[in-house]
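K.L.:
The structure under discussion is supplied below as structure tokens; questions concerning it will follow.
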Amino acid sequence: MPLGADRILTGARAVGFGAQTVDRLGLREGSSTGGAPTAVVVSSWFVAVGVARRLGELGLGLGSDVSLVLTEGTPAPFEGWSGPALTTVADQVAEVARVAWPFVSPADTAAARVADSAADVVRLAPTLVPGATSGPAPG
């Protein structure tokens, strides 16, 4: 799905940035869509907490009015998080380590593998872990 540059926001991995993101995307109190996104995908627990808090302040429901997906991985709760279980894209730490190890291992051929790595592309299939913060688009 193509996204306009105005829909891709970058900033600090901070709760405050998450709250600002909701406002910058045009989500408003009493209007679940109104042309604004029906889903927000974030790459940080801190940002996710900020998004969730701001949506709550606006009276918008997580998973019903706006979906929230965290790509930082583990569905384990963030310290102090008391909200619903976040929908996440699971970390693949073990698989990343398995694939990366030959490139960083102290073996004699490691340097050669690193030199040839520019031609090698490894794609890992993400695993979506559904939680209570995602659902069908409203309407």
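Residue numbering restarts at 1 in every chain; chains get A, B, ... in the order shown in the structure tokens, and ligands count up from 1 in that same order.
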Compile the contact shell of Gly16 (chain A) as an MDAnalysis selection string: residues with an atom at most 9 Å away, counting only C-alpha atoms, same-chain residues fewer than 4 positions apart removed.

P.N.:
chainID A and resid 12 20:21 46:47 50:51

K.L.:
For region 124-138 of chain A, find every residue with an atom within 7 Å (counting only C-alpha atoms), except residues of its own chain fewer than 2 positions away, and show them as a list in words.

P.N.:
Thr38, Leu62, Gly63, Ser64, Asp65, Ser67, Leu68, Val69, Pro84, Ala85, Leu86, Thr87, Thr88, Val89, Ala90 and Val122 of chain A

K.L.:
Can you pull out the residues contacting Asp91 (chain A)? Cut-off 8 Å, using only C-alpha atoms, and skip same-chain residues under 2 positions away; I want them as a list in words.

P.N.:
Glu72, Gly73, Thr74, Val89 and Val93 of chain A
